[in-house]
>>> print(open('entry_6.cif').read())   # mmCIF, C-alpha atoms
data_data
#
loop_
_atom_site.label_atom_id
_atom_site.label_comp_id
_atom_site.auth_asym_id
_atom_site.auth_seq_id
_atom_site.Cartn_x
_atom_site.Cartn_y
_atom_site.Cartn_z
CA MET A 20 -43.73 -64.70 9.25
CA PRO A 21 -44.34 -62.62 6.12
CA LEU A 22 -47.71 -61.06 5.42
CA LYS A 23 -50.59 -63.47 4.90
CA LEU A 24 -54.04 -62.86 3.43
CA LYS A 25 -57.31 -64.50 4.50
CA HIS A 26 -60.62 -63.60 2.93
CA ALA A 27 -64.30 -64.53 3.16
CA LEU A 28 -67.18 -63.32 1.04
CA ASN A 29 -70.17 -62.07 3.00
CA ARG A 30 -73.48 -61.10 1.46
CA ASP A 31 -72.70 -57.38 1.23
CA TYR A 32 -68.91 -57.18 1.36
CA LEU A 33 -65.61 -59.00 1.20
CA LYS A 34 -63.95 -59.51 4.58
CA VAL A 35 -60.16 -59.50 4.41
CA GLU A 36 -57.65 -60.21 7.17
CA ILE A 37 -54.01 -59.27 6.71
CA LEU A 38 -51.76 -60.93 9.26
CA GLY A 39 -48.07 -61.27 9.94
CA GLN A 40 -44.83 -59.39 10.23
CA ARG A 41 -43.57 -56.87 7.69
CA THR A 42 -40.14 -57.74 6.34
CA PRO A 43 -37.84 -54.71 6.75
CA GLY A 44 -36.73 -53.50 3.33
CA ASN A 45 -39.44 -55.52 1.58
CA GLU A 46 -42.53 -53.65 2.83
CA VAL A 47 -43.49 -52.28 -0.59
CA ALA A 48 -43.28 -55.58 -2.50
CA GLU A 49 -45.11 -57.51 0.24
CA SER A 50 -47.89 -54.95 0.48
CA LYS A 51 -48.31 -54.65 -3.27
CA GLN A 52 -48.63 -58.42 -3.55
CA ILE A 53 -51.33 -58.53 -0.83
CA TRP A 54 -53.33 -55.61 -2.28
CA LYS A 55 -53.12 -57.09 -5.79
CA GLU A 56 -54.56 -60.36 -4.44
CA VAL A 57 -57.40 -58.44 -2.75
CA ALA A 58 -58.17 -56.55 -5.98
CA ASP A 59 -58.21 -59.84 -7.91
CA VAL A 60 -60.69 -61.40 -5.44
CA LEU A 61 -62.90 -58.29 -5.60
CA SER A 62 -62.94 -58.48 -9.37
CA GLN A 63 -63.73 -62.21 -9.40
CA GLN A 64 -66.52 -61.82 -6.84
CA GLU A 65 -67.88 -58.60 -8.42
CA GLN A 66 -67.75 -56.92 -5.04
CA SER A 67 -66.84 -53.31 -4.24
CA ARG A 68 -67.06 -53.13 -0.43
CA ILE A 69 -64.16 -54.37 1.65
CA LEU A 70 -63.87 -54.82 5.41
CA THR A 71 -60.16 -55.15 6.13
CA ILE A 72 -58.80 -56.32 9.47
CA MET A 73 -55.12 -55.39 9.82
CA LYS A 74 -53.11 -57.47 12.29
CA VAL A 75 -49.69 -56.57 11.00
CA GLU A 76 -46.51 -56.08 13.01
CA GLY A 77 -43.57 -53.98 11.94
CA ARG A 78 -43.14 -50.39 10.88
CA LEU A 79 -44.25 -49.05 7.51
CA PRO A 80 -41.79 -46.34 6.44
CA ILE A 81 -43.34 -43.11 5.11
CA LYS A 82 -41.74 -43.53 1.67
CA SER A 83 -43.15 -47.07 1.46
CA ALA A 84 -46.65 -45.85 2.35
CA PHE A 85 -46.49 -43.38 -0.55
CA GLN A 86 -45.20 -46.00 -3.00
CA ILE A 87 -47.91 -48.49 -2.06
CA ALA A 88 -50.76 -45.96 -2.18
CA GLU A 89 -49.65 -44.43 -5.46
CA SER A 90 -49.61 -47.88 -7.11
CA ALA A 91 -53.24 -48.70 -6.16
CA GLY A 92 -54.55 -48.23 -9.70
CA ASP A 93 -51.77 -50.36 -11.17
CA LEU A 94 -52.68 -53.12 -8.71
CA GLY A 95 -56.27 -53.25 -9.98
CA TRP A 96 -57.94 -50.98 -7.43
CA SER A 97 -60.99 -49.04 -8.55
CA ARG A 98 -62.12 -45.70 -7.16
CA ASN A 99 -65.55 -47.35 -6.89
CA TYR A 100 -64.29 -49.52 -4.02
CA LYS A 101 -65.25 -48.60 -0.48
CA MET A 102 -62.89 -49.92 2.18
CA ALA A 103 -63.23 -49.87 5.95
CA VAL A 104 -59.99 -50.76 7.73
CA VAL A 105 -59.93 -52.02 11.32
CA ALA A 106 -56.58 -51.58 13.01
CA GLY A 107 -55.74 -54.56 15.21
CA SER A 108 -53.73 -52.31 17.55
CA GLU A 109 -52.81 -48.69 18.17
CA ALA A 110 -49.45 -49.28 16.48
CA VAL A 111 -51.19 -50.53 13.32
CA LEU A 112 -53.53 -47.55 13.40
CA MET A 113 -50.61 -45.12 13.51
CA ASN A 114 -48.78 -47.07 10.80
CA ILE A 115 -51.58 -46.90 8.25
CA ARG A 116 -53.08 -43.48 8.98
CA LEU A 117 -50.77 -41.92 6.35
CA SER A 118 -51.91 -44.49 3.77
CA GLU A 119 -55.51 -43.53 4.48
CA MET A 120 -54.75 -39.84 3.85
CA ILE A 121 -52.84 -40.53 0.63
CA LEU A 122 -55.50 -42.84 -0.78
CA THR A 123 -58.29 -40.42 0.14
CA ASN A 124 -56.43 -37.61 -1.64
CA LEU A 125 -56.06 -39.88 -4.70
CA GLY A 126 -59.85 -40.32 -4.80
CA TYR A 127 -60.29 -43.68 -3.05
CA GLU A 128 -62.95 -44.20 -0.39
CA ILE A 129 -61.19 -45.56 2.68
CA LYS A 130 -61.63 -45.00 6.40
CA LEU A 131 -59.82 -46.33 9.48
CA PHE A 132 -61.60 -47.66 12.57
CA GLY A 133 -60.74 -49.05 15.97
CA SER A 134 -63.69 -51.48 16.04
CA THR A 135 -65.22 -53.90 13.56
CA ARG A 136 -68.75 -52.84 14.51
CA MET A 137 -68.17 -49.19 13.59
CA ALA A 138 -66.31 -50.16 10.43
CA ARG A 139 -69.13 -52.41 9.25
CA LYS A 140 -71.73 -49.74 10.02
CA TRP A 141 -69.87 -47.16 7.89
CA LEU A 142 -69.14 -49.68 5.13
CA LEU A 143 -72.79 -50.63 4.71
CA SER A 144 -74.08 -47.06 4.81
CA ASP A 145 -74.75 -45.40 1.48
#
>>> encode(input="entry_6.cif", output="C-alpha coordinates")
Amino acid sequence: MPLKLKHALNRDYLKVEILGQRTPGNEVAESKQIWKEVADVLSQQEQSRILTIMKVEGRLPIKSAFQIAESAGDLGWSRNYKMAVVAGSEAVLMNIRLSEMILTNLGYEIKLFGSTRMARKWLLSD
(Lines of atoms letter the chains of each structure in order from A and count residues from 1; the text may use other names and numbers.)
(Lines give C-alpha, C1' and ligand atoms only; values in the text may rest on other atoms or scores of the structure.)
Protein backbone atom coordinates (compact mmCIF):
# COMPACT_ATOMS: atom_id res chain seq x y z
CA MET A 1 0.00 0.00 0.00
CA PRO A 2 1.51 3.37 -0.95
CA LEU A 3 1.57 6.24 1.51
CA LYS A 4 -1.79 7.58 2.61
CA LEU A 5 -2.67 10.83 4.38
CA LYS A 6 -5.40 11.36 6.98
CA HIS A 7 -5.96 14.69 8.66
CA ALA A 8 -8.24 16.31 11.22
CA LEU A 9 -8.38 19.92 12.33
CA ASN A 10 -8.30 20.42 16.08
CA ARG A 11 -8.79 23.75 17.80
CA ASP A 12 -5.08 24.56 18.11
CA TYR A 13 -3.40 22.39 15.48
CA LEU A 14 -3.78 20.14 12.48
CA LYS A 15 -3.42 16.44 13.25
CA VAL A 16 -1.93 14.45 10.38
CA GLU A 17 -1.46 10.70 10.08
CA ILE A 18 0.81 9.28 7.41
CA LEU A 19 0.31 5.56 6.90
CA GLY A 20 1.48 2.87 4.55
CA GLN A 21 4.50 1.36 2.88
CA ARG A 22 7.17 3.35 1.06
CA THR A 23 7.65 2.23 -2.52
CA PRO A 24 11.36 1.49 -3.11
CA GLY A 25 12.72 3.87 -5.72
CA ASN A 26 9.71 6.17 -5.40
CA GLU A 27 10.28 7.46 -1.85
CA VAL A 28 10.98 11.06 -2.91
CA ALA A 29 7.93 11.47 -5.17
CA GLU A 30 5.59 9.82 -2.65
CA SER A 31 6.86 11.92 0.23
CA LYS A 32 6.77 15.17 -1.73
CA GLN A 33 3.16 14.49 -2.71
CA ILE A 34 2.15 13.86 0.92
CA TRP A 35 3.96 16.93 2.28
CA LYS A 36 2.51 19.13 -0.48
CA GLU A 37 -0.99 17.95 0.51
CA VAL A 38 -0.26 18.78 4.17
CA ALA A 39 1.00 22.26 3.23
CA ASP A 40 -2.14 22.84 1.15
CA VAL A 41 -4.41 21.87 4.07
CA LEU A 42 -2.44 24.11 6.44
CA SER A 43 -2.82 27.02 4.05
CA GLN A 44 -6.56 26.42 3.57
CA GLN A 45 -7.16 26.11 7.33
CA GLU A 46 -4.82 29.02 8.21
CA GLN A 47 -3.05 26.79 10.70
CA SER A 48 0.67 26.69 11.54
CA ARG A 49 0.95 23.90 14.14
CA ILE A 50 1.06 20.30 12.98
CA LEU A 51 0.96 17.09 15.00
CA THR A 52 2.15 14.36 12.65
CA ILE A 53 1.79 10.66 13.44
CA MET A 54 4.10 8.59 11.23
CA LYS A 55 3.11 4.95 10.74
CA VAL A 56 5.22 4.30 7.68
CA GLU A 57 7.02 1.09 6.76
CA GLY A 58 10.05 0.87 4.52
CA ARG A 59 13.46 2.47 4.54
CA LEU A 60 14.07 6.11 3.61
CA PRO A 61 17.47 6.33 1.89
CA ILE A 62 19.76 9.14 3.08
CA LYS A 63 19.81 10.80 -0.35
CA SER A 64 16.00 10.75 -0.43
CA ALA A 65 15.79 12.37 3.01
CA PHE A 66 17.98 15.24 1.75
CA GLN A 67 15.95 15.67 -1.44
CA ILE A 68 12.64 15.76 0.43
CA ALA A 69 13.84 18.16 3.13
CA GLU A 70 15.51 20.53 0.69
CA SER A 71 12.27 20.81 -1.32
CA ALA A 72 10.14 21.87 1.69
CA GLY A 73 9.87 25.49 0.56
CA ASP A 74 8.93 24.47 -2.98
CA LEU A 75 6.17 22.28 -1.54
CA GLY A 76 4.57 25.24 0.26
CA TRP A 77 6.13 24.84 3.69
CA SER A 78 6.66 27.98 5.75
CA ARG A 79 9.35 28.47 8.37
CA ASN A 80 6.50 29.72 10.58
CA TYR A 81 5.16 26.17 10.86
CA LYS A 82 5.81 24.21 14.04
CA MET A 83 5.67 20.44 13.61
CA ALA A 84 5.78 17.72 16.24
CA VAL A 85 6.33 14.26 14.74
CA VAL A 86 5.39 11.08 16.60
CA ALA A 87 7.20 8.01 15.34
CA GLY A 88 4.91 4.98 15.29
CA SER A 89 7.89 2.67 15.91
CA GLU A 90 11.60 2.71 16.63
CA ALA A 91 12.29 1.97 12.95
CA VAL A 92 10.29 5.04 11.90
CA LEU A 93 12.12 7.15 14.47
CA MET A 94 15.50 6.12 13.09
CA ASN A 95 14.29 6.65 9.51
CA ILE A 96 13.21 10.24 10.01
CA ARG A 97 15.80 11.50 12.50
CA LEU A 98 18.00 12.69 9.61
CA SER A 99 15.06 14.60 8.11
CA GLU A 100 14.56 16.34 11.44
CA MET A 101 18.21 17.45 11.51
CA ILE A 102 18.15 18.69 7.91
CA LEU A 103 14.91 20.62 8.33
CA THR A 104 16.09 22.16 11.60
CA ASN A 105 19.31 23.30 9.91
CA LEU A 106 17.20 24.82 7.10
CA GLY A 107 15.30 26.91 9.67
CA TYR A 108 12.15 24.83 10.16
CA GLU A 109 10.76 24.11 13.63
CA ILE A 110 10.37 20.35 13.90
CA LYS A 111 10.90 17.86 16.70
CA LEU A 112 10.55 14.06 16.94
CA PHE A 113 8.80 12.29 19.81
CA GLY A 114 8.04 8.77 20.93
CA SER A 115 4.65 9.67 22.45
CA THR A 116 1.70 11.77 21.34
CA ARG A 117 1.33 13.31 24.80
CA MET A 118 4.86 14.74 24.81
CA ALA A 119 4.54 15.88 21.21
CA ARG A 120 1.30 17.73 21.91
CA LYS A 121 2.77 19.35 25.02
CA TRP A 122 5.76 20.70 23.04
CA LEU A 123 3.59 21.72 20.08
CA LEU A 124 1.26 23.83 22.23
CA SER A 125 4.04 25.49 24.21
CA ASP A 126 5.12 28.92 23.07
>>> residues_around(input="entry_6.cif", residues="Leu125 of chain A", least_positions_apart="4", cutoff="12 Å", atoms="all atoms listed in the file", output="list of chain:residue names")
A:Phe85, A:Ala88, A:Glu89, A:Ser90, A:Ala91, A:Gly92, A:Trp96, A:Ser97, A:Arg98, A:Ser118, A:Glu119, A:Met120, A:Ile121, A:Ile129
>>> resolve_selection(input="entry_6.cif", expression="the PyMOL selection byres ((chain A and resi 114) around 9)", output="list in words")
Gly77, Arg78, Leu79, Pro80, Ile81, Ala84, Glu109, Ala110, Val111, Leu112, Met113, Ile115, Arg116, Leu117 and Ser118 of chain A
>>> atom_distance(input="entry_6.cif", atom1="atom CA of Met137 of chain A", atom2="atom CA of Val47 of chain A")
28.6 Å
>>> resolve_selection(input="entry_6.cif", expression="the PyMOL selection byres ((chain A and resi 106) around 9)", output="PDB file with C-alpha atoms, in the frame of the given file")
ATOM      1  CA  THR A  71     -60.160 -55.150   6.130  1.00  0.00           C
ATOM      2  CA  ILE A  72     -58.800 -56.320   9.470  1.00  0.00           C
ATOM      3  CA  MET A  73     -55.120 -55.390   9.820  1.00  0.00           C
ATOM      4  CA  LYS A  74     -53.110 -57.470  12.290  1.00  0.00           C
ATOM      5  CA  VAL A  75     -49.690 -56.570  11.000  1.00  0.00           C
ATOM      6  CA  VAL A 104     -59.990 -50.760   7.730  1.00  0.00           C
ATOM      7  CA  VAL A 105     -59.930 -52.020  11.320  1.00  0.00           C
ATOM      8  CA  GLY A 107     -55.740 -54.560  15.210  1.00  0.00           C
ATOM      9  CA  SER A 108     -53.730 -52.310  17.550  1.00  0.00           C
ATOM     10  CA  GLU A 109     -52.810 -48.690  18.170  1.00  0.00           C
ATOM     11  CA  ALA A 110     -49.450 -49.280  16.480  1.00  0.00           C
ATOM     12  CA  VAL A 111     -51.190 -50.530  13.320  1.00  0.00           C
ATOM     13  CA  LEU A 112     -53.530 -47.550  13.400  1.00  0.00           C
ATOM     14  CA  MET A 113     -50.610 -45.120  13.510  1.00  0.00           C
ATOM     15  CA  ILE A 115     -51.580 -46.900   8.250  1.00  0.00           C
ATOM     16  CA  LEU A 131     -59.820 -46.330   9.480  1.00  0.00           C
ATOM     17  CA  PHE A 132     -61.600 -47.660  12.570  1.00  0.00           C
ATOM     18  CA  GLY A 133     -60.740 -49.050  15.970  1.00  0.00           C
ATOM     19  CA  SER A 134     -63.690 -51.480  16.040  1.00  0.00           C
ATOM     20  CA  THR A 135     -65.220 -53.900  13.560  1.00  0.00           C
TER      21      THR A 135
END
>>> atom_distance(input="entry_6.cif", atom1="atom CA of Tyr127 of chain A", atom2="atom CA of Asn29 of chain A")
21.7 Å
>>> closest_residue(input="entry_6.cif", among="A:Ala48, A:Leu94, A:Met102, A:Leu22", to="Lys34 of chain A", atoms="all atoms listed in the file")
A:Met102
>>> residues_around(input="entry_6.cif", residues="Asn99 of chain A", least_positions_apart="5", cutoff="9 Å", atoms="only C-alpha atoms", output="ChimeraX atom specification")
/A:67-68,127-128
>>> atom_distance(input="entry_6.cif", atom1="atom CA of Lys140 of chain A", atom2="atom CA of Leu24 of chain A")
23.0 Å
>>> residues_around(input="entry_6.cif", residues="His26 of chain A", least_positions_apart="4", cutoff="9 Å", atoms="only C-alpha atoms", output="list in words")
Leu33, Lys34, Val35, Glu36, Ile37, Val57 and Val60 of chain A
>>> closest_residue(input="entry_6.cif", among="A:Trp141, A:Pro43, A:Leu70, A:Lys51", to="Lys25 of chain A", atoms="all atoms listed in the file")
A:Leu70
>>> closest_residue(input="entry_6.cif", among="A:Lys82, A:Lys130, A:Lys55, A:Lys101", to="Asp31 of chain A", atoms="all atoms listed in the file")
A:Lys101
>>> closest_residue(input="entry_6.cif", among="A:Leu61, A:Arg139, A:Leu122, A:Ala103", to="Leu28 of chain A", atoms="all atoms listed in the file")
A:Leu61
>>> closest_residue(input="entry_6.cif", among="A:Arg136, A:Asp93, A:Gly126, A:Gln86", to="Glu49 of chain A", atoms="all atoms listed in the file")
A:Gln86
>>> axis_aligned_box(input="entry_6.cif", around="segment 52-64 of chain A", padding_each_side="4 Å", output="lines of an AutoDock Vina configuration file")
center_x = -57.6
center_y = -58.9
center_z = -5.1
size_x = 25.9
size_y = 14.6
size_z = 16.6
>>> closest_residue(input="entry_6.cif", among="A:Ala138, A:Leu143, A:Ile87, A:Leu38", to="Trp54 of chain A", atoms="all atoms listed in the file")
A:Ile87
